[in-house]
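First up is the structure itself, then whatever we jot down about it.
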Amino acid sequence: MFLCGPFQDNDKAMPILVCQALDEAIGLVESDPFVKEGYYAAYEVNALIEANEENNWLTEIPQTLKNLTN
């Protein structure tokens, strides 16, 4: 786990996990005590594409380009 904490309104929390596969992330979330004990009734797992200088901050990938509003 890279980082974890609740949102200020305490309605949800966000862990940021570093994993090799989505299945690994799901396993970690399902083993989280807050999920296992029912503090959070549901969870959602999403993959994050890291933007950095090496990949030009993702400015040239199709996913980013389709959001261009110029």
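Starting from 1 in every chain, residues are counted up; chains themselves are A, B, ... following the order of the structure tokens, and ligands are numbered from 1 as listed.
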Env of Tyr40 in chain A: 12 Å cut, atoms = only C-alpha atoms, seq-sep filter 2 positions within chain, self excluded. Answer as a CSV table (one decimal) with N, CA and C atoms, in the first residue's frame.
chain,number,residue,atom,x,y,z
A,6,PRO,N,-9.2,8.2,4.8
A,6,PRO,CA,-10.6,8.6,4.5
A,6,PRO,C,-10.7,10.0,3.9
A,10,ASN,N,-15.7,11.6,5.7
A,10,ASN,CA,-15.7,10.3,6.3
A,10,ASN,C,-16.7,9.4,5.7
A,11,ASP,N,-17.2,9.7,4.5
A,11,ASP,CA,-18.1,8.8,3.8
A,11,ASP,C,-17.4,7.7,3.1
A,12,LYS,N,-16.2,7.9,2.6
A,12,LYS,CA,-15.4,6.9,1.9
A,12,LYS,C,-14.0,7.1,2.2
A,13,ALA,N,-13.2,6.1,1.8
A,13,ALA,CA,-11.7,6.2,1.9
A,13,ALA,C,-11.1,5.8,0.6
A,14,MET,N,-9.8,6.2,0.4
A,14,MET,CA,-9.1,5.8,-0.8
A,14,MET,C,-7.7,5.3,-0.5
A,29,VAL,N,-7.6,-5.3,-1.3
A,29,VAL,CA,-8.8,-4.5,-0.8
A,29,VAL,C,-9.7,-5.5,0.0
A,30,GLU,N,-10.0,-6.7,-0.5
A,30,GLU,CA,-10.8,-7.6,0.2
A,30,GLU,C,-10.3,-8.1,1.5
A,32,ASP,N,-8.6,-6.0,3.5
A,32,ASP,CA,-8.5,-4.8,4.4
A,32,ASP,C,-9.5,-4.9,5.5
A,33,PRO,N,-9.0,-4.7,6.8
A,33,PRO,CA,-9.9,-4.9,7.9
A,33,PRO,C,-11.2,-4.0,7.9
A,34,PHE,N,-11.1,-2.8,7.3
A,34,PHE,CA,-12.3,-2.0,7.2
A,34,PHE,C,-13.3,-2.5,6.2
A,35,VAL,N,-12.9,-3.2,5.2
A,35,VAL,CA,-13.8,-3.8,4.3
A,35,VAL,C,-14.3,-5.1,4.9
A,36,LYS,N,-13.4,-5.9,5.4
A,36,LYS,CA,-13.9,-7.2,6.0
A,36,LYS,C,-14.8,-7.0,7.2
A,37,GLU,N,-14.7,-6.0,8.0
A,37,GLU,CA,-15.5,-5.8,9.1
A,37,GLU,C,-16.8,-5.0,8.8
A,38,GLY,N,-16.9,-4.5,7.6
A,38,GLY,CA,-18.1,-3.9,7.2
A,38,GLY,C,-18.2,-2.4,7.4
A,42,ALA,N,-19.3,-1.3,0.3
A,42,ALA,CA,-18.9,-1.6,-1.0
A,42,ALA,C,-17.5,-1.0,-1.4
A,43,TYR,N,-16.9,-1.5,-2.4
A,43,TYR,CA,-15.7,-0.9,-2.8
A,43,TYR,C,-15.6,-0.9,-4.4
A,44,GLU,N,-14.7,-0.1,-4.9
A,44,GLU,CA,-14.5,0.0,-6.3
A,44,GLU,C,-13.0,0.0,-6.6
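When CA of Gly27 in chain A is paired with CA of Ala51 in chain A, their separation reads 25.1 Å.
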- Task: Enumerate, as a ChimeraX atom specification, the complete set of residues in chain A that a backbone-based DSSP assignment places in helix (DSSP H, G or I).
- Result: /A:22-31,33-36,53-58,62-65
- Task: Apply DSSP to the backbone of this structure and, from chain A, keep only the residues in strand (DSSP E or B); write these as a PyMOL selection string.
- Result: chain A and resi 3-6+13-16
Could you save those same residues with N, CA and C atoms as a CSV table (one decimal), in the first residue's frame?
chain,number,residue,atom,x,y,z
A,3,LEU,N,-0.5,4.6,0.0
A,3,LEU,CA,-1.1,5.6,0.7
A,3,LEU,C,-2.6,5.2,1.0
A,4,CYS,N,-3.1,5.6,2.1
A,4,CYS,CA,-4.5,5.3,2.4
A,4,CYS,C,-5.1,6.3,3.4
A,5,GLY,N,-6.3,6.6,3.3
A,5,GLY,CA,-7.0,7.5,4.3
A,5,GLY,C,-8.4,7.8,3.9
A,6,PRO,N,-9.2,8.2,4.8
A,6,PRO,CA,-10.6,8.6,4.5
A,6,PRO,C,-10.7,10.0,3.9
A,13,ALA,N,-13.2,6.1,1.8
A,13,ALA,CA,-11.7,6.2,1.9
A,13,ALA,C,-11.1,5.8,0.6
A,14,MET,N,-9.8,6.2,0.4
A,14,MET,CA,-9.1,5.8,-0.8
A,14,MET,C,-7.7,5.3,-0.5
A,15,PRO,N,-7.5,4.0,-0.7
A,15,PRO,CA,-6.2,3.5,-0.7
A,15,PRO,C,-5.6,3.5,-2.1
A,16,ILE,N,-4.3,3.9,-2.1
A,16,ILE,CA,-3.6,3.8,-3.4
A,16,ILE,C,-2.6,2.7,-3.2
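Taking CA of Ile26 in chain A and CA of Ala47 in chain A as endpoints, the distance between them is 10.9 Å.
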